[in-house]
file structure_35.cif (mmCIF, C-alpha atoms and all ligand atoms)
data_target
loop_
_atom_site.label_atom_id
_atom_site.label_comp_id
_atom_site.auth_asym_id
_atom_site.auth_seq_id
_atom_site.Cartn_x
_atom_site.Cartn_y
_atom_site.Cartn_z
CA MET A 1 -18.42 -37.34 14.88
CA PHE A 2 -16.60 -39.37 12.24
CA ARG A 3 -19.56 -38.92 9.96
CA VAL A 4 -19.30 -35.17 10.41
CA LEU A 5 -15.58 -35.20 9.67
CA PHE A 6 -16.09 -37.40 6.66
CA VAL A 7 -18.75 -35.15 5.24
CA LEU A 8 -16.64 -32.10 5.97
CA SER A 9 -13.70 -33.56 4.11
CA LEU A 10 -16.06 -34.26 1.22
CA LEU A 11 -17.17 -30.66 1.49
CA GLY A 12 -13.59 -29.45 1.27
CA SER A 13 -12.78 -31.46 -1.82
CA ALA A 14 -16.12 -30.66 -3.42
CA LEU A 15 -15.52 -26.97 -2.94
CA ILE A 16 -12.12 -27.12 -4.57
CA ARG A 17 -13.53 -28.96 -7.54
CA ARG A 18 -16.47 -26.66 -7.87
CA VAL A 19 -14.44 -23.51 -7.73
CA ASN A 20 -12.24 -24.73 -10.57
CA SER A 21 -15.15 -25.55 -12.81
CA HIS A 22 -16.82 -22.29 -11.87
CA GLU A 23 -13.90 -20.31 -13.23
CA GLU A 24 -13.79 -22.31 -16.44
CA SER A 25 -17.39 -21.91 -17.47
CA GLY A 26 -18.20 -18.49 -16.06
CA GLU A 27 -21.75 -19.73 -15.55
CA TRP A 28 -23.48 -20.80 -12.39
CA SER A 29 -22.41 -24.24 -11.44
CA CYS A 30 -22.58 -26.08 -8.20
CA ASN A 31 -21.12 -29.52 -7.76
CA SER A 32 -21.62 -29.47 -4.06
CA GLY A 33 -21.57 -33.26 -4.34
CA LEU A 34 -22.30 -33.56 -0.65
CA GLU A 35 -24.80 -35.48 1.27
CA THR A 36 -25.04 -32.97 4.06
CA GLN A 37 -27.87 -34.24 6.18
CA LEU A 38 -28.96 -32.05 9.01
CA VAL A 39 -30.95 -34.12 11.46
CA ALA A 40 -33.72 -32.71 13.64
CA GLU A 41 -34.06 -35.30 16.37
CA PHE A 42 -36.97 -35.58 18.76
CA ARG A 43 -35.53 -33.87 21.86
CA PRO A 44 -38.41 -32.28 23.73
CA GLY A 45 -37.94 -29.82 26.54
CA ILE A 46 -34.28 -28.93 26.29
CA VAL A 47 -34.19 -25.67 24.30
CA THR A 48 -35.26 -22.24 25.56
CA LEU A 49 -35.51 -19.53 22.90
CA ASP A 50 -33.39 -16.90 24.60
CA GLY A 51 -30.51 -16.56 22.15
CA ARG A 52 -28.18 -18.37 24.55
CA THR A 53 -27.09 -21.74 23.36
CA ASP A 54 -25.69 -23.74 26.30
CA ASP A 55 -28.82 -25.85 26.09
CA TRP A 56 -27.71 -27.10 22.65
CA LYS A 57 -24.36 -28.47 23.83
CA ASP A 58 -25.35 -32.15 23.57
CA ILE A 59 -26.88 -31.76 20.10
CA ASP A 60 -24.70 -32.61 17.10
CA GLY A 61 -24.53 -30.02 14.37
CA PHE A 62 -22.74 -29.29 11.14
CA GLU A 63 -20.06 -26.73 10.53
CA PHE A 64 -20.21 -24.96 7.19
CA ALA A 65 -17.76 -22.72 5.39
CA LEU A 66 -19.60 -19.54 4.43
CA LEU A 67 -19.07 -18.64 0.79
CA PRO A 68 -20.60 -15.70 -1.09
CA ALA A 69 -24.03 -16.88 -2.20
CA LEU A 70 -23.85 -15.34 -5.67
CA ASP A 71 -20.26 -16.29 -6.43
CA PRO A 72 -19.23 -19.17 -4.20
CA ASP A 73 -15.49 -18.74 -4.55
CA ALA A 74 -13.41 -20.13 -1.69
CA GLU A 75 -11.12 -17.08 -1.87
CA ASN A 76 -13.99 -14.90 -0.70
CA GLU A 77 -15.04 -17.09 2.20
CA TYR A 78 -16.32 -15.24 5.27
CA LYS A 79 -13.08 -14.79 7.21
CA GLY A 80 -14.66 -14.62 10.65
CA GLY A 81 -15.19 -18.37 10.85
CA LYS A 82 -17.57 -21.18 10.03
CA MET A 83 -21.27 -21.35 10.70
CA THR A 84 -22.57 -24.11 12.93
CA VAL A 85 -26.16 -25.19 12.36
CA LYS A 86 -28.09 -27.40 14.79
CA THR A 87 -31.71 -28.42 14.75
CA LEU A 88 -34.20 -30.52 16.73
CA HIS A 89 -37.94 -30.87 17.21
CA ASP A 90 -40.24 -31.54 20.15
CA GLY A 91 -43.11 -33.13 18.24
CA HIS A 92 -44.86 -29.78 17.78
CA ASP A 93 -42.19 -27.20 16.95
CA ILE A 94 -38.91 -27.39 15.05
CA TYR A 95 -35.91 -25.46 16.40
CA PHE A 96 -32.78 -24.11 14.71
CA MET A 97 -29.57 -22.78 16.21
CA LEU A 98 -27.08 -20.83 14.09
CA GLN A 99 -23.73 -19.86 15.51
CA VAL A 100 -21.02 -17.88 13.77
CA ASP A 101 -17.89 -16.12 15.01
CA GLY A 102 -17.78 -12.41 14.40
CA ASP A 103 -16.40 -9.28 16.01
CA TYR A 104 -19.23 -7.40 17.65
CA VAL A 105 -20.88 -4.79 15.46
CA TYR A 106 -24.21 -3.19 16.19
CA SER A 107 -25.87 -0.04 14.87
CA LYS A 108 -29.22 0.44 16.49
CA GLY A 109 -31.97 0.95 13.94
CA ASP A 110 -29.73 0.18 10.98
CA ASN A 111 -30.30 -3.44 10.01
CA ASN A 112 -27.74 -3.35 7.21
CA LYS A 113 -25.00 -2.35 9.62
CA CYS A 114 -25.69 -5.37 11.85
CA PRO A 115 -25.21 -9.05 11.14
CA SER A 116 -28.28 -10.83 9.86
CA VAL A 117 -29.32 -14.40 9.13
CA ALA A 118 -31.90 -16.19 7.03
CA LEU A 119 -33.19 -19.70 6.56
CA MET A 120 -34.69 -20.85 3.29
CA PHE A 121 -36.76 -23.98 2.63
CA GLN A 122 -38.05 -25.62 -0.49
CA VAL A 123 -41.85 -25.57 -0.78
CA GLY A 124 -42.69 -26.21 -4.44
CA GLU A 125 -41.24 -29.37 -5.92
CA GLU A 126 -39.49 -27.47 -8.71
CA ALA A 127 -38.08 -24.77 -6.44
CA SER A 128 -34.31 -24.62 -6.86
CA TYR A 129 -31.85 -23.29 -4.30
CA HIS A 130 -30.28 -21.12 -6.99
CA ASN A 131 -32.33 -17.98 -7.64
CA MET A 132 -34.66 -18.56 -4.67
CA GLY A 133 -37.04 -20.93 -6.39
CA GLY A 134 -35.74 -20.32 -9.89
CA CYS A 135 -38.96 -19.18 -11.55
CA LYS A 136 -38.16 -17.69 -14.97
CA GLU A 137 -40.82 -14.95 -14.84
CA GLY A 138 -39.83 -11.32 -14.27
CA VAL A 139 -41.14 -9.00 -11.57
CA SER A 140 -44.15 -7.90 -13.59
CA SER A 141 -45.30 -11.41 -14.51
CA CYS A 142 -44.41 -13.58 -11.50
CA ASN A 143 -47.43 -14.72 -9.53
CA ASN A 144 -48.84 -17.83 -7.92
CA LYS A 145 -49.98 -19.18 -11.30
CA THR A 146 -47.03 -18.40 -13.57
CA CYS A 147 -44.52 -19.53 -10.91
CA LYS A 148 -46.50 -22.40 -9.44
CA GLY A 149 -44.16 -25.09 -8.15
CA HIS A 150 -41.24 -22.69 -7.54
CA GLU A 151 -42.20 -21.49 -4.06
CA VAL A 152 -39.54 -21.17 -1.37
CA ASP A 153 -40.18 -20.25 2.27
CA ILE A 154 -37.80 -17.76 3.93
CA MET A 155 -37.24 -16.60 7.49
CA HIS A 156 -35.06 -13.48 7.76
CA PHE A 157 -33.86 -11.93 11.03
CA SER A 158 -32.26 -8.46 10.92
CA ILE A 159 -31.26 -7.51 14.43
CA GLY A 160 -30.97 -3.70 14.18
CA ASN A 161 -34.15 -3.23 16.23
CA ALA A 162 -34.05 -6.45 18.21
CA ILE A 163 -32.90 -6.42 21.84
CA PRO A 164 -30.61 -9.40 22.52
CA GLY A 165 -32.28 -12.25 24.39
CA ARG A 166 -35.79 -10.94 23.66
CA LEU A 167 -38.28 -12.82 21.51
CA TYR A 168 -39.25 -11.55 18.05
CA GLY A 169 -41.20 -12.87 15.09
CA GLY A 170 -44.91 -13.60 14.93
CA ASN A 171 -46.84 -11.02 16.98
CA PRO A 172 -50.54 -10.23 17.38
CA VAL A 173 -50.38 -6.91 15.47
CA ASP A 174 -48.88 -8.22 12.23
CA ASN A 175 -50.62 -11.59 12.45
CA GLY A 176 -53.86 -9.64 12.94
CA GLU A 177 -53.26 -8.09 9.56
CA GLY A 178 -52.57 -11.46 7.95
CA SER A 179 -48.93 -10.58 7.33
CA GLY A 180 -45.62 -12.38 7.78
CA ASP A 181 -44.01 -9.06 8.73
CA ASP A 182 -42.58 -8.28 12.18
CA ARG A 183 -42.66 -4.53 12.76
CA PHE A 184 -40.95 -4.85 16.15
CA GLY A 185 -37.83 -6.88 15.51
CA HIS A 186 -37.74 -7.69 11.80
CA LEU A 187 -37.85 -11.46 12.21
CA VAL A 188 -40.03 -11.95 9.17
CA ASP A 189 -41.77 -14.82 7.39
CA LEU A 190 -41.48 -14.53 3.60
CA TYR A 191 -41.96 -16.57 0.49
CA ALA A 192 -40.42 -16.14 -2.95
CA TRP A 193 -40.32 -17.52 -6.49
CA THR A 194 -37.17 -15.56 -7.45
CA PRO A 195 -34.96 -13.02 -5.62
CA HIS A 196 -37.08 -10.26 -7.18
CA CYS A 197 -40.45 -11.87 -6.45
CA ARG A 198 -40.29 -12.01 -2.69
CA TYR A 199 -43.20 -11.18 -0.39
CA PHE A 200 -44.28 -11.29 3.21
CA ASP A 201 -46.54 -14.27 3.85
CA GLY A 202 -50.09 -13.28 3.03
CA LYS A 203 -49.04 -10.52 0.60
CA GLY A 204 -48.56 -10.96 -3.11
CA PRO A 205 -49.17 -9.82 -6.67
CA SER A 206 -52.44 -11.77 -6.89
CA GLY A 207 -53.89 -10.24 -3.74
CA ASN A 208 -53.56 -10.63 0.01
CA ASP A 209 -54.78 -13.35 2.31
CA SER A 210 -55.97 -12.28 5.74
CA ARG A 211 -55.42 -15.74 7.25
CA SER A 212 -51.66 -15.72 6.77
CA GLN A 213 -49.25 -15.10 9.60
CA ASN A 214 -45.66 -15.02 10.75
CA ASP A 215 -45.07 -18.48 12.20
CA TRP A 216 -41.50 -17.91 13.40
CA LYS A 217 -40.08 -16.90 16.75
CA GLY A 218 -36.45 -16.20 17.51
CA SER A 219 -33.78 -14.45 19.49
CA TRP A 220 -30.11 -13.45 19.24
CA TRP A 221 -27.07 -13.07 21.49
CA HIS A 222 -23.33 -12.36 21.34
CA SER A 223 -20.76 -14.03 23.55
CA SER A 224 -19.23 -10.70 24.60
CA PHE A 225 -22.35 -9.67 26.56
CA THR A 226 -21.81 -9.60 30.28
CA VAL A 227 -25.36 -8.81 31.44
CA GLN A 228 -27.32 -11.99 31.99
CA SER A 229 -30.54 -10.73 33.55
CA GLY A 230 -32.04 -8.94 30.56
CA PHE A 231 -31.40 -5.99 28.27
CA VAL A 232 -33.69 -3.08 27.44
CA GLU A 233 -33.48 -0.84 24.40
CA GLU A 234 -31.58 1.89 26.26
CA ASP A 235 -28.70 -0.55 26.83
CA SER A 236 -27.93 -0.45 23.12
CA PRO A 237 -25.34 -1.14 21.73
CA TYR A 238 -25.21 -3.76 24.55
CA ALA A 239 -21.41 -4.30 24.23
CA LYS A 240 -18.31 -2.53 22.95
CA ASP A 241 -17.82 -2.49 19.20
CA GLY A 242 -15.15 -4.77 17.78
CA GLN A 243 -15.06 -7.28 20.62
CA LYS A 244 -14.14 -10.78 19.54
CA GLY A 245 -16.83 -13.35 20.01
CA THR A 246 -19.62 -15.41 18.57
CA TYR A 247 -23.09 -14.49 17.37
CA PHE A 248 -25.90 -16.88 18.30
CA PHE A 249 -29.34 -17.09 16.71
CA GLU A 250 -32.19 -19.36 17.81
CA PHE A 251 -35.45 -19.92 15.97
CA SER A 252 -38.54 -22.06 16.24
CA ARG A 253 -41.65 -22.68 14.21
CA PRO A 254 -44.50 -25.20 14.38
CA LEU A 255 -43.81 -28.23 12.20
CA ARG A 256 -47.12 -27.55 10.44
CA THR A 257 -48.76 -24.15 9.89
CA LEU A 258 -52.17 -22.84 8.82
CA ASP A 259 -50.78 -21.87 5.40
CA ARG A 260 -53.08 -22.62 2.46
CA LEU A 261 -51.12 -20.88 -0.31
CA GLN A 262 -47.78 -22.72 -0.54
CA GLN A 263 -46.01 -19.97 1.39
CA ASP A 264 -44.75 -22.11 4.29
CA ALA A 265 -42.68 -25.27 4.21
CA GLN A 266 -44.49 -28.04 6.08
CA PHE A 267 -42.37 -30.47 8.08
CA THR A 268 -43.37 -34.08 8.57
CA ILE A 269 -41.86 -36.31 11.21
CA GLY A 270 -40.03 -39.12 9.43
CA GLU A 271 -39.51 -37.14 6.23
CA THR A 272 -36.77 -35.05 4.64
CA SER A 273 -36.97 -31.37 3.68
CA LYS A 274 -34.56 -29.16 1.77
CA MET A 275 -33.11 -26.02 3.31
CA SER A 276 -30.30 -23.51 3.33
CA ALA A 277 -28.93 -20.87 5.68
CA ALA A 278 -27.45 -17.46 4.90
CA PHE A 279 -25.44 -14.83 6.79
CA TRP A 280 -24.88 -11.12 6.23
CA TYR A 281 -22.05 -9.23 7.93
CA PRO A 282 -21.33 -5.51 7.47
CA PRO A 283 -17.90 -5.40 5.80
CA GLU A 284 -15.60 -3.01 7.69
CA GLY A 285 -18.55 -1.20 9.20
CA LEU A 286 -20.18 -0.52 5.82
CA PRO A 287 -23.79 -1.59 5.28
CA TRP A 288 -24.28 -4.93 3.58
CA HIS A 289 -26.33 -5.34 0.40
CA GLY A 290 -29.19 -7.78 0.06
CA SER A 291 -27.31 -9.91 -2.43
CA GLY A 292 -24.00 -9.71 -0.53
CA HIS A 293 -24.68 -12.66 1.72
CA PHE A 294 -22.79 -15.81 2.52
CA SER A 295 -24.40 -19.20 2.25
CA VAL A 296 -23.73 -22.61 3.83
CA SER A 297 -23.82 -24.36 0.46
CA CYS A 298 -24.37 -23.67 -3.24
CA ASP A 299 -27.34 -26.04 -3.27
CA TRP A 300 -30.02 -27.30 -0.93
CA ILE A 301 -28.92 -29.28 2.09
CA SER A 302 -31.30 -31.90 3.38
CA LEU A 303 -32.99 -31.82 6.74
CA ASP A 304 -34.32 -35.03 8.27
CA VAL A 305 -37.05 -34.61 10.84
CA THR A 306 -36.74 -37.89 12.68
CA LEU A 307 -38.95 -40.00 14.89
CA GLY A 308 -36.61 -40.57 17.77
CA SER A 309 -33.17 -39.73 19.02
CA SER A 310 -31.86 -43.19 19.78
CA MET A 311 -31.77 -44.24 16.13
CA LEU A 312 -29.59 -41.37 15.03
CA THR A 313 -26.87 -40.07 17.25
CA THR A 314 -25.76 -43.57 18.12
CA GLY A 315 -24.47 -45.94 15.47
CA THR A 316 -26.46 -48.86 14.10
CA SER A 317 -25.01 -51.38 16.53
CA SER A 318 -25.96 -49.47 19.66
CA SER A 319 -29.43 -48.69 18.31
CA GLY A 320 -29.73 -52.44 17.73
CA ASN A 321 -28.91 -52.96 21.41
CA VAL A 322 -31.46 -50.39 22.47
CA SER A 323 -34.25 -52.02 20.48
CA GLY A 324 -33.12 -55.42 21.79
CA VAL A 325 -33.46 -54.24 25.37
CA PHE A 326 -36.88 -52.84 24.53
CA ALA A 327 -37.96 -56.15 22.98
CA VAL A 328 -36.95 -58.07 26.12
CA LEU A 329 -38.69 -55.54 28.36
CA LEU A 330 -41.82 -55.66 26.26
CA SER A 331 -41.97 -59.46 26.29
CA VAL A 332 -41.49 -59.54 30.09
CA VAL A 333 -44.28 -57.00 30.48
CA SER A 334 -46.61 -58.90 28.16
CA LEU A 335 -45.83 -62.21 29.92
CA CYS A 336 -46.76 -60.65 33.29
CA ALA A 337 -49.91 -59.18 31.73
CA SER A 338 -51.06 -62.49 30.30
CA VAL A 339 -50.42 -64.32 33.63
CA PHE A 340 -52.48 -61.67 35.37
CA VAL A 341 -55.33 -61.84 32.82
CA GLY A 342 -55.37 -65.66 33.11
CA TYR A 343 -55.51 -65.38 36.90
CA TRP A 344 -58.32 -62.82 36.67
CA VAL A 345 -60.43 -64.93 34.30
CA ILE A 346 -60.10 -68.09 36.39
CA PHE A 347 -60.09 -66.79 39.97
CA ARG A 348 -61.89 -63.43 39.92
CA PRO A 349 -64.63 -63.16 42.48
CA LYS A 350 -67.96 -63.96 40.86
CA ARG A 351 -69.86 -61.00 42.22
CA ILE A 352 -71.96 -60.11 39.19
CA PRO A 353 -75.48 -61.16 40.05
CA PHE A 354 -77.37 -63.30 37.58
CA THR A 355 -80.24 -61.29 36.08
CA PRO A 356 -82.95 -63.32 34.36
CA MET A 357 -83.94 -61.83 31.01
CA GLU A 358 -87.60 -61.36 31.90
CA ASN A 359 -86.64 -58.94 34.76
CA LEU A 360 -85.00 -56.39 32.44
C1 LIG B 1 -52.01 -6.07 -0.06
O1 LIG B 1 -51.20 -5.57 0.98
C2 LIG B 1 -50.26 -4.62 0.54
C3 LIG B 1 -49.31 -4.32 1.70
O2 LIG B 1 -49.98 -4.32 2.92
C4 LIG B 1 -50.99 -3.37 0.04
O3 LIG B 1 -50.07 -2.40 -0.39
C5 LIG B 1 -51.87 -3.80 -1.11
O4 LIG B 1 -52.66 -2.69 -1.53
C6 LIG B 1 -52.80 -4.95 -0.70
N1 LIG B 1 -53.48 -5.43 -1.89
C7 LIG B 1 -54.79 -5.65 -1.93
C8 LIG B 1 -55.33 -6.16 -3.23
O5 LIG B 1 -55.53 -5.45 -0.97
C1 LIG B 2 -53.21 -16.89 -5.67
O1 LIG B 2 -53.25 -16.00 -4.56
C2 LIG B 2 -54.50 -15.43 -4.32
C3 LIG B 2 -54.37 -14.39 -3.23
O2 LIG B 2 -53.70 -14.85 -2.13
C4 LIG B 2 -55.49 -16.54 -3.96
O3 LIG B 2 -56.77 -16.00 -3.72
C5 LIG B 2 -55.54 -17.53 -5.09
O4 LIG B 2 -56.35 -18.62 -4.72
C6 LIG B 2 -54.15 -18.05 -5.43
N1 LIG B 2 -54.19 -18.89 -6.60
C7 LIG B 2 -53.53 -20.05 -6.69
C8 LIG B 2 -53.63 -20.77 -7.99
O5 LIG B 2 -52.86 -20.51 -5.78
#

call {"tool": "encode", "arguments": {"input": "structure_35.cif", "output": "structure tokens", "more": "lines below"}}
Ligand SMILES: *[C@@H]1O[C@H](CO)[C@@H](O)[C@H](O)[C@H]1NC(C)=O
Ligand SMILES: *[C@@H]1O[C@H](CO)[C@@H](O)[C@H](O)[C@H]1NC(C)=O
result
Amino acid sequence: MFRVLFVLSLLGSALIRRVNSHEESGEWSCNSGLETQLVAEFRPGIVTLDGRTDDWKDIDGFEFALLPALDPDAENEYKGGKMTVKTLHDGHDIYFMLQVDGDYVYSKGDNNKCPSVALMFQVGEEASYHNMGGCKEGVSSCNNKTCKGHEVDIMHFSIGNAIPGRLYGGNPVDNGEGSGDDRFGHLVDLYAWTPHCRYFDGKGPSGNDSRSQNDWKGSWWHSSFTVQSGFVEEDSPYAKDGQKGTYFFEFSRPLRTLDRLQQDAQFTIGETSKMSAAFWYPPEGLPWHGSGHFSVSCDWISLDVTLGSSMLTTGTSSSGNVSGVFAVLLSVVSLCASVFVGYWVIFRPKRIPFTPMENL
């Protein structure tokens, strides 16, 4: 908790500094100066992907101010509130929970008049947060050769056709076509080298790859919903417009995917990845624009996929205690085992009959 507060206070001061320098130069600058470290602990079996987030209550997360992604000026912060991001893994899949306050708005079938979220991950080693990979090539010349090393992986969920609490993302129809698209709920798997060179997984300027797929699954919810058993499409808009509350988004993806083309980030237990999260909200009922999104930071934030939970949530001293207890337990167990083995060697019944070699 103190670590979170400390980092948040750093965030505050860093933002103030950055905004000043931003106004001076007029160019893109980001002195985020933070060591925001999201941690995906090993916590198997606690999260259900249903958009509801009570199951995350014991998981620590980070709270981020949401600033406009293209012009991160604190004056234009998303007024609805902060975004909380939590993550964990179960050894096979990684999970993300995004939570942000917002009055309820929903226009069925119109994605740009509904809130929307995205996650972005670094794939290529030279891929910058700024400009979605930061390749210098234009739309006509960007491809997997000219922009090699600048790949970013993106998951984007637009909820205009997604029933709350239902699962969207990878589905047999789109995966069958080797595409990261999701024609049912628009929870899509993309990659990009720049904001203008952005494609569904498996599609691209150098040709398509039939083995690609949408590896994400996810769901959304709003705290103003009163129905708990399950919505169908006819229930849209699911709640009254303008109700105060909180939007919840849950996602999961396998740590590793079948990608062969640098279109998916690959997560490794024990290693750190770079990511970001973005949020779109229709301003005063008007549709949002693709570039009009808020972001949790003006640079990558790091994401640790860790081996175990005991090392992380607790401080160093208590993790020392835990490993101490384990060491004692282990030595007691091994002492018992060696006594037993000794007993077995000396006193075991000698039932194995002697077989002379010539009888074999
Ligand atoms: C790749 O897929 C896209 C979208 O499905 C299609 O428009 C394009 O013609 C395909 N390209 C090739 C080379 O097959
Ligand atoms: C570029 O993409 C095409 C089509 O997906 C693929 O066949 C080719 O191997 C890729 N080239 C490189 C250098 O990654």

call {"tool": "residues_near_point", "arguments": {"input": "structure_35.cif", "point": "(-35.4, -21.0, -11.9)", "cutoff": "12 Å", "atoms": "all atoms listed in the file", "output": "ChimeraX atom specification"}}
result
/A:28,124-138,142,147-152,192-197

call {"tool": "axis_aligned_box", "arguments": {"input": "structure_35.cif", "around": "ligand LIG 2 (chain B)", "padding_each_side": "5 Å", "output": "lines of an AutoDock Vina configuration file"}}
result
center_x = -54.8
center_y = -17.6
center_z = -5.1
size_x = 13.9
size_y = 16.4
size_z = 15.9

call {"tool": "residues_near_ligand", "arguments": {"input": "structure_35.cif", "ligand": "ligand LIG 2 (chain B)", "cutoff": "12 Å", "atoms": "all atoms listed in the file", "output": "mmCIF file with C-alpha atoms, keeping the file's coordinate frame"}}
result
data_model
loop_
_atom_site.group_PDB
_atom_site.id
_atom_site.type_symbol
_atom_site.label_atom_id
_atom_site.label_comp_id
_atom_site.auth_asym_id
_atom_site.auth_seq_id
_atom_site.Cartn_x
_atom_site.Cartn_y
_atom_site.Cartn_z
ATOM 1 C CA GLY A 124 -42.690 -26.210 -4.440
ATOM 2 C CA CYS A 142 -44.410 -13.580 -11.500
ATOM 3 C CA ASN A 143 -47.430 -14.720 -9.530
ATOM 4 C CA ASN A 144 -48.840 -17.830 -7.920
ATOM 5 C CA LYS A 145 -49.980 -19.180 -11.300
ATOM 6 C CA THR A 146 -47.030 -18.400 -13.570
ATOM 7 C CA CYS A 147 -44.520 -19.530 -10.910
ATOM 8 C CA LYS A 148 -46.500 -22.400 -9.440
ATOM 9 C CA GLY A 149 -44.160 -25.090 -8.150
ATOM 10 C CA HIS A 150 -41.240 -22.690 -7.540
ATOM 11 C CA GLU A 151 -42.200 -21.490 -4.060
ATOM 12 C CA GLY A 178 -52.570 -11.460 7.950
ATOM 13 C CA SER A 179 -48.930 -10.580 7.330
ATOM 14 C CA TYR A 199 -43.200 -11.180 -0.390
ATOM 15 C CA PHE A 200 -44.280 -11.290 3.210
ATOM 16 C CA ASP A 201 -46.540 -14.270 3.850
ATOM 17 C CA GLY A 202 -50.090 -13.280 3.030
ATOM 18 C CA LYS A 203 -49.040 -10.520 0.600
ATOM 19 C CA GLY A 204 -48.560 -10.960 -3.110
ATOM 20 C CA PRO A 205 -49.170 -9.820 -6.670
ATOM 21 C CA SER A 206 -52.440 -11.770 -6.890
ATOM 22 C CA GLY A 207 -53.890 -10.240 -3.740
ATOM 23 C CA ASN A 208 -53.560 -10.630 0.010
ATOM 24 C CA ASP A 209 -54.780 -13.350 2.310
ATOM 25 C CA SER A 210 -55.970 -12.280 5.740
ATOM 26 C CA ARG A 211 -55.420 -15.740 7.250
ATOM 27 C CA SER A 212 -51.660 -15.720 6.770
ATOM 28 C CA ASP A 259 -50.780 -21.870 5.400
ATOM 29 C CA ARG A 260 -53.080 -22.620 2.460
ATOM 30 C CA LEU A 261 -51.120 -20.880 -0.310
ATOM 31 C CA GLN A 262 -47.780 -22.720 -0.540
ATOM 32 C CA GLN A 263 -46.010 -19.970 1.390
#

call {"tool": "residues_around", "arguments": {"input": "structure_35.cif", "residues": "stretch 163-177 of chain A", "least_positions_apart": "6", "cutoff": "8 Å", "atoms": "all atoms listed in the file", "output": "list in words"}}
result
Leu49, Asp50, Gly51, Arg52, Arg183, Phe184, Gly185, His186, Leu187, Val188, Asp189, Ser210, Ser212, Gln213, Asn214, Asp215, Trp216, Lys217, Gly218, Ser219, Trp220, Trp221, His222, Gly230, Phe231, Val232, Glu233 and Ser236 of chain A

call {"tool": "closest_residue", "arguments": {"input": "structure_35.cif", "among": "A:Val117, A:Phe42, A:Asp181, A:Tyr78", "to": "ligand LIG 1 (chain B)", "atoms": "all atoms listed in the file"}}
result
A:Asp181

call {"tool": "atom_distance", "arguments": {"input": "structure_35.cif", "atom1": "atom CA of A:Ala69", "atom2": "atom CA of A:Ser295"}}
result
5.0 Å

call {"tool": "atom_distance", "arguments": {"input": "structure_35.cif", "atom1": "atom CA of A:Trp280", "atom2": "atom CA of A:Pro115"}}
result
5.3 Å
